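Structure data (PDB, C-alpha atoms) from target_26.pdb:
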```pdb
ATOM      1  CA  MET W   1       0.000   0.000   0.000
ATOM      2  CA  ASP W   2       1.426   3.373  -1.029
ATOM      3  CA  LYS W   3       1.660   6.130   1.550
ATOM      4  CA  GLU W   4      -0.288   9.263   0.789
ATOM      5  CA  LYS W   5       1.896  12.152  -0.191
ATOM      6  CA  VAL W   6       1.992  14.662   2.665
ATOM      7  CA  SER W   7       3.386  18.168   2.461
ATOM      8  CA  PRO W   8       6.444  18.985   4.619
ATOM      9  CA  GLU W   9       4.271  21.386   6.641
ATOM     10  CA  MET W  10       1.741  18.636   7.392
ATOM     11  CA  GLU W  11       4.548  16.216   8.318
ATOM     12  CA  LYS W  12       5.947  18.775  10.734
ATOM     13  CA  GLN W  13       2.508  19.396  12.289
ATOM     14  CA  GLN W  14       1.860  15.633  12.642
ATOM     15  CA  LYS W  15       5.255  15.164  14.294
ATOM     16  CA  VAL W  16       4.572  18.012  16.756
ATOM     17  CA  GLU W  17       1.138  16.556  17.585
ATOM     18  CA  GLU W  18       2.611  13.070  18.130
ATOM     19  CA  GLU W  19       5.415  14.413  20.349
ATOM     20  CA  THR W  20       3.087  16.666  22.337
ATOM     21  CA  SER W  21       0.534  13.931  22.900
ATOM     22  CA  THR W  22       3.176  11.550  24.277
ATOM     23  CA  ARG W  23       5.062  14.084  26.388
ATOM     24  CA  ILE W  24       2.582  14.662  29.216
ATOM     25  CA  ASP W  25       1.191  11.701  31.090
ATOM     26  CA  PRO W  26      -1.767  12.902  33.189
ATOM     27  CA  ALA W  27      -1.260  10.005  35.603
ATOM     28  CA  GLU W  28       2.324  11.065  36.298
ATOM     29  CA  THR W  29       3.094  12.901  39.539
ATOM     30  CA  HIS W  30       5.394  15.885  39.121
ATOM     31  CA  HIS W  31       7.447  17.787  41.695
ATOM     32  CA  ARG W  32       8.410  21.446  42.010
ATOM     33  CA  THR W  33      10.752  22.780  44.618
ATOM     34  CA  GLU W  34      10.875  26.334  45.921
ATOM     35  CA  VAL W  35      12.816  28.360  48.482
ATOM     36  CA  THR W  36      10.233  29.883  50.796
ATOM     37  CA  GLU W  37       9.818  32.019  53.872
ATOM     38  CA  PHE W  38       8.160  30.249  56.783
ATOM     39  CA  ARG W  39       5.892  32.431  58.901
ATOM     40  CA  SER W  40       4.966  31.060  62.316
ATOM     41  CA  VAL W  41       1.215  30.982  62.901
ATOM     42  CA  GLY W  42       0.001  30.725  66.478
ATOM     43  CA  LYS W  43       1.625  27.800  68.226
ATOM     44  CA  GLY W  44       5.295  27.075  67.477
ATOM     45  CA  ARG W  45       4.728  24.053  65.199
ATOM     46  CA  THR W  46       2.370  25.710  62.704
ATOM     47  CA  PHE W  47       3.718  27.672  59.711
ATOM     48  CA  GLU W  48       2.349  29.336  56.604
ATOM     49  CA  PHE W  49       4.403  29.923  53.451
ATOM     50  CA  PRO W  50       4.227  30.231  49.660
ATOM     51  CA  PHE W  51       5.011  26.928  47.979
ATOM     52  CA  SER W  52       4.244  27.595  44.312
ATOM     53  CA  SER W  53       4.290  30.370  41.721
ATOM     54  CA  GLU W  54       3.923  30.869  37.982
ATOM     55  CA  TYR W  55       7.711  30.759  37.584
ATOM     56  CA  PRO W  56       8.565  28.789  34.388
ATOM     57  CA  VAL W  57      10.406  25.561  35.236
ATOM     58  CA  GLU W  58      12.443  23.772  32.583
ATOM     59  CA  ARG W  59      11.135  20.243  31.968
ATOM     60  CA  TYR W  60      12.136  17.614  29.404
ATOM     61  CA  PHE W  61       9.349  18.835  27.095
ATOM     62  CA  GLY W  62      10.021  22.588  27.476
ATOM     63  CA  LYS W  63       9.179  25.337  29.953
ATOM     64  CA  GLU W  64       6.265  24.498  32.252
ATOM     65  CA  VAL W  65       4.120  27.152  33.923
ATOM     66  CA  LEU W  66       1.466  26.274  36.494
ATOM     67  CA  LYS W  67      -1.428  28.714  36.173
ATOM     68  CA  HIS W  68      -2.456  30.142  39.560
ATOM     69  CA  ASP W  69      -6.118  31.071  39.778
ATOM     70  CA  ASP W  70      -9.203  29.624  41.472
ATOM     71  CA  ARG W  71     -10.225  27.593  38.414
ATOM     72  CA  SER W  72      -6.830  26.071  37.589
ATOM     73  CA  VAL W  73      -5.667  24.573  40.890
ATOM     74  CA  ASP W  74      -7.372  21.720  42.727
ATOM     75  CA  PHE W  75      -6.565  21.981  46.448
ATOM     76  CA  SER W  76      -9.233  19.462  47.528
ATOM     77  CA  ARG W  77      -6.664  16.955  48.851
ATOM     78  CA  LEU W  78      -4.614  19.620  50.638
ATOM     79  CA  ASN W  79      -7.743  21.099  52.223
ATOM     80  CA  SER W  80      -9.164  17.710  53.237
ATOM     81  CA  GLY W  81      -6.940  17.399  56.321
ATOM     82  CA  ALA W  82      -5.419  14.213  54.863
ATOM     83  CA  ALA W  83      -2.506  15.685  52.875
ATOM     84  CA  PRO W  84       0.941  15.033  54.313
ATOM     85  CA  LEU W  85       3.873  17.327  54.920
ATOM     86  CA  LEU W  86       6.775  15.093  53.855
ATOM     87  CA  TRP W  87      10.540  15.116  53.970
ATOM     88  CA  ASN W  88      11.798  15.280  50.366
ATOM     89  CA  HIS W  89       8.701  13.538  48.872
ATOM     90  CA  ASP W  90       9.377  10.381  50.901
ATOM     91  CA  PRO W  91       6.044   8.911  52.080
ATOM     92  CA  ASP W  92       7.933   7.053  54.810
ATOM     93  CA  ARG W  93       9.207  10.370  56.265
ATOM     94  CA  HIS W  94       5.932  12.003  57.295
ATOM     95  CA  ILE W  95       6.823  15.179  59.223
ATOM     96  CA  GLY W  96       3.444  16.875  59.519
ATOM     97  CA  ILE W  97       0.137  17.704  57.912
ATOM     98  CA  VAL W  98      -1.171  20.367  55.543
ATOM     99  CA  GLU W  99      -4.017  22.192  57.255
ATOM    100  CA  ARG W 100      -4.942  24.601  54.474
ATOM    101  CA  ALA W 101      -3.945  25.728  50.967
ATOM    102  CA  TYR W 102      -5.057  28.736  48.947
ATOM    103  CA  ILE W 103      -4.132  31.069  46.071
ATOM    104  CA  ASP W 104      -3.112  34.678  46.630
ATOM    105  CA  LYS W 105      -4.654  36.305  43.544
ATOM    106  CA  ASP W 106      -2.433  39.407  43.771
ATOM    107  CA  THR W 107       0.910  37.557  43.823
ATOM    108  CA  LYS W 108      -0.287  34.483  41.854
ATOM    109  CA  ARG W 109       1.266  32.187  44.440
ATOM    110  CA  ALA W 110      -0.084  29.169  46.274
ATOM    111  CA  TYR W 111       0.241  29.181  50.066
ATOM    112  CA  ALA W 112       0.106  26.326  52.565
ATOM    113  CA  LYS W 113      -0.508  26.318  56.289
ATOM    114  CA  VAL W 114       1.205  23.272  57.802
ATOM    115  CA  ARG W 115       1.657  21.789  61.257
ATOM    116  CA  PHE W 116       4.810  19.845  62.087
ATOM    117  CA  SER W 117       4.527  16.516  63.894
ATOM    118  CA  ARG W 118       6.057  15.977  67.337
ATOM    119  CA  ASN W 119       7.965  12.857  66.230
ATOM    120  CA  LYS W 120      11.751  12.997  66.625
ATOM    121  CA  PHE W 121      12.667  13.414  62.965
ATOM    122  CA  ALA W 122       9.970  16.072  62.353
ATOM    123  CA  SER W 123      11.213  17.975  65.405
ATOM    124  CA  GLU W 124      14.762  17.937  64.011
ATOM    125  CA  VAL W 125      13.517  19.253  60.641
ATOM    126  CA  LEU W 126      11.447  21.908  62.425
ATOM    127  CA  GLU W 127      14.511  23.134  64.336
ATOM    128  CA  ASP W 128      16.466  23.443  61.063
ATOM    129  CA  VAL W 129      13.536  25.381  59.553
ATOM    130  CA  LYS W 130      13.432  27.728  62.546
ATOM    131  CA  ASP W 131      17.225  28.196  62.348
ATOM    132  CA  GLY W 132      17.042  29.032  58.625
ATOM    133  CA  ILE W 133      19.075  25.959  57.652
ATOM    134  CA  LEU W 134      16.260  24.357  55.626
ATOM    135  CA  ARG W 135      14.410  26.747  53.316
ATOM    136  CA  GLY W 136      13.416  24.556  50.371
ATOM    137  CA  ILE W 137       9.827  23.569  49.691
ATOM    138  CA  SER W 138       8.605  21.196  47.025
ATOM    139  CA  PHE W 139       5.239  19.737  46.162
ATOM    140  CA  GLY W 140       3.850  16.783  44.272
ATOM    141  CA  TYR W 141       1.187  17.505  41.697
ATOM    142  CA  GLN W 142      -0.678  16.021  38.758
ATOM    143  CA  ILE W 143      -1.378  17.894  35.550
ATOM    144  CA  LYS W 144      -4.873  17.310  34.200
ATOM    145  CA  ASN W 145      -4.673  19.728  31.250
ATOM    146  CA  MET W 146      -1.844  21.623  29.593
ATOM    147  CA  GLU W 147      -1.805  23.976  26.616
ATOM    148  CA  GLU W 148       1.239  24.943  24.541
ATOM    149  CA  ASN W 149       1.606  28.645  23.779
ATOM    150  CA  ASP W 150       4.700  29.956  21.968
ATOM    151  CA  GLY W 151       6.921  27.179  23.338
ATOM    152  CA  ILE W 152       5.646  27.509  26.902
ATOM    153  CA  PHE W 153       3.454  24.759  28.312
ATOM    154  CA  VAL W 154       0.810  26.195  30.642
ATOM    155  CA  ALA W 155      -0.976  23.815  33.014
ATOM    156  CA  ASP W 156      -4.447  25.279  33.454
ATOM    157  CA  ASP W 157      -5.875  22.320  35.384
ATOM    158  CA  TRP W 158      -3.646  20.690  38.017
ATOM    159  CA  ALA W 159      -3.964  19.130  41.468
ATOM    160  CA  VAL W 160      -1.575  19.216  44.438
ATOM    161  CA  HIS W 161      -1.116  15.966  46.398
ATOM    162  CA  GLU W 162       1.551  16.738  48.994
ATOM    163  CA  VAL W 163       3.976  19.375  50.245
ATOM    164  CA  SER W 164       7.588  18.555  51.160
ATOM    165  CA  VAL W 165      10.441  20.235  52.981
ATOM    166  CA  THR W 166      13.514  19.648  50.838
ATOM    167  CA  PRO W 167      17.103  20.910  50.608
ATOM    168  CA  ILE W 168      17.103  21.464  46.811
ATOM    169  CA  PRO W 169      14.709  24.144  45.444
ATOM    170  CA  ALA W 170      13.758  24.569  41.746
ATOM    171  CA  ASP W 171      11.768  27.837  41.881
ATOM    172  CA  PRO W 172      13.874  30.755  43.142
ATOM    173  CA  THR W 173      10.898  33.109  43.474
ATOM    174  CA  VAL W 174       9.543  31.678  46.735
ATOM    175  CA  GLY W 175      11.442  30.329  49.706
ATOM    176  CA  ILE W 176      11.881  29.790  53.461
ATOM    177  CA  GLY W 177      13.650  32.732  55.029
ATOM    178  CA  ARG W 178      14.947  34.025  51.718
ATOM    179  CA  SER W 179      14.240  37.627  52.613
ATOM    180  CA  LEU W 180      16.058  37.182  55.916
ATOM    181  CA  ILE W 181      19.505  36.628  54.357
ATOM    182  CA  SER W 182      21.661  39.677  54.980
ATOM    183  CA  SER W 183      24.326  40.867  52.540
ATOM    184  CA  GLU W 184      26.978  40.045  55.178
ATOM    185  CA  GLU W 185      26.080  36.346  55.015
ATOM    186  CA  LYS W 186      26.564  36.091  51.232
TER
END
```

Encoded form (structure tokens):
Amino acid sequence: MDKEKVSPEMEKQQKVEEETSTRIDPAETHHRTEVTEFRSVGKGRTFEFPFSSEYPVERYFGKEVLKHDDRSVDFSRLNSGAAPLLWNHDPDRHIGIVERAYIDKDTKRAYAKVRFSRNKFASEVLEDVKDGILRGISFGYQIKNMEENDGIFVADDWAVHEVSVTPIPADPTVGIGRSLISSEEK
């Protein structure tokens, strides 16, 4: 059977469609890491901080932007009282719980209110957070819909599953204690 003759433009478009359709697996969990500023809320084990922004992160398929508005982000798991605060995405290193998550419409950032556990390891992590040693935050999420626009892939429907304290941040626009670093410490 002879192949139909296809113009070079159509071949290019078909190739882009094939690549794009295989690049994003909606079942895949992704991670983003940020440096954030922890703000103590009430009792000494509860903190609130930004954990996500619209900062473009380089992925294997191109630059990824997570859209931050009320319609794009699904916080149902984080706001259910069942979402964990983990150490470096490790489900065996549960260090607390996410009490609340929300979008700040003015800054286009997602915020989390978390409470650290009293277990030994969580207490050690909490002390490093309070001392400004640990400032990295990451989160696990699933992309439900993504659109490509001028080489930037914008996720306009995504869900957050967990928040993690981590030593290696990916998004430099948010972070634990970042604004507290003096020029003398650099």

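Proximity of W:Glu48, W:Asp171, W:Asp106, W:Glu54 to Val73 of chain W, computed with only C-alpha atoms, is greatest for W:Glu54.
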
What's around His161 of chain W at 8 Å? Count all atoms listed in the file, leave out sequence neighbours fewer than 4 positions away in its own chain, and write the answer as number ranges by chain. W: 77-78, 83, 139-142

Could you tell me how far atom CA of Pro169 of chain W sits from atom CA of His68 of chain W, in Å to one decimal place?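 Interatomic distance, atom CA of His68 of chain W to atom CA of Pro169 of chain W: 19.1 Å.
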
Selection under test: the PyMOL selection byres ((chain W and resi 99-101) around 9); residues as number ranges by chain: W: 48, 75-76, 78-83, 97-98, 102-103, 110-115

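Of note, atom CA of Val125 of chain W and atom CA of Pro56 of chain W are spaced 28.4 Å apart.
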
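Counting from atom CA of Asp104 of chain W, the distance to atom CA of Thr46 of chain W is 19.2 Å.
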
Sel. within 9 Å of pt (15.3, 23.3, 55.3), counting all atoms listed in the file, output as a PDB file with C-alpha atoms, keeping the file's coordinate frame:
```pdb
ATOM      1  CA  VAL W  35      12.816  28.360  48.482  1.00  0.00           C
ATOM      2  CA  VAL W 125      13.517  19.253  60.641  1.00  0.00           C
ATOM      3  CA  LEU W 126      11.447  21.908  62.425  1.00  0.00           C
ATOM      4  CA  ASP W 128      16.466  23.443  61.063  1.00  0.00           C
ATOM      5  CA  VAL W 129      13.536  25.381  59.553  1.00  0.00           C
ATOM      6  CA  LYS W 130      13.432  27.728  62.546  1.00  0.00           C
ATOM      7  CA  ASP W 131      17.225  28.196  62.348  1.00  0.00           C
ATOM      8  CA  GLY W 132      17.042  29.032  58.625  1.00  0.00           C
ATOM      9  CA  ILE W 133      19.075  25.959  57.652  1.00  0.00           C
ATOM     10  CA  LEU W 134      16.260  24.357  55.626  1.00  0.00           C
ATOM     11  CA  ARG W 135      14.410  26.747  53.316  1.00  0.00           C
ATOM     12  CA  GLY W 136      13.416  24.556  50.371  1.00  0.00           C
ATOM     13  CA  ILE W 137       9.827  23.569  49.691  1.00  0.00           C
ATOM     14  CA  VAL W 165      10.441  20.235  52.981  1.00  0.00           C
ATOM     15  CA  THR W 166      13.514  19.648  50.838  1.00  0.00           C
ATOM     16  CA  PRO W 167      17.103  20.910  50.608  1.00  0.00           C
ATOM     17  CA  ILE W 168      17.103  21.464  46.811  1.00  0.00           C
ATOM     18  CA  ILE W 176      11.881  29.790  53.461  1.00  0.00           C
TER      19      ILE W 176
END
```

Considering all atoms listed in the file, return as a list in words whatever protein or nucleic-acid residues lie within 10 Å of Asp157 of chain W, sequence-local ones (same chain, fewer than 6 positions apart) excluded. Leu66, Lys67, His68, Asp69, Arg71, Ser72, Val73, Asp74, Gln142, Ile143, Lys144, Asn145, Met146 and Glu147 of chain W

Identify which of the residues W:Pro84, W:Pro50, W:Pro91, W:Gly62 lies closest to Ser117 of chain W, counting only C-alpha atoms when measuring atom-to-atom distances.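 Looking at the shortest contact to Ser117 of chain W, the residue is W:Pro84.
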
Write out as JSON an axis-aligned box for segment 42-56 of chain W: all of its atoms listed in the file, 6 Å added on each side, centre and edge lengths in Å with one decimal.
```
{"center_x": 4.3, "center_y": 27.5, "center_z": 51.3, "size_x": 20.6, "size_y": 18.8, "size_z": 45.8}
```

Which residue, W:Asp92, W:Asp70, W:Glu64, W:Asp156, has the smallest gap to Phe121 of chain W when you use all atoms listed in the file?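 Smallest separation from Phe121 of chain W among the options: W:Asp92.
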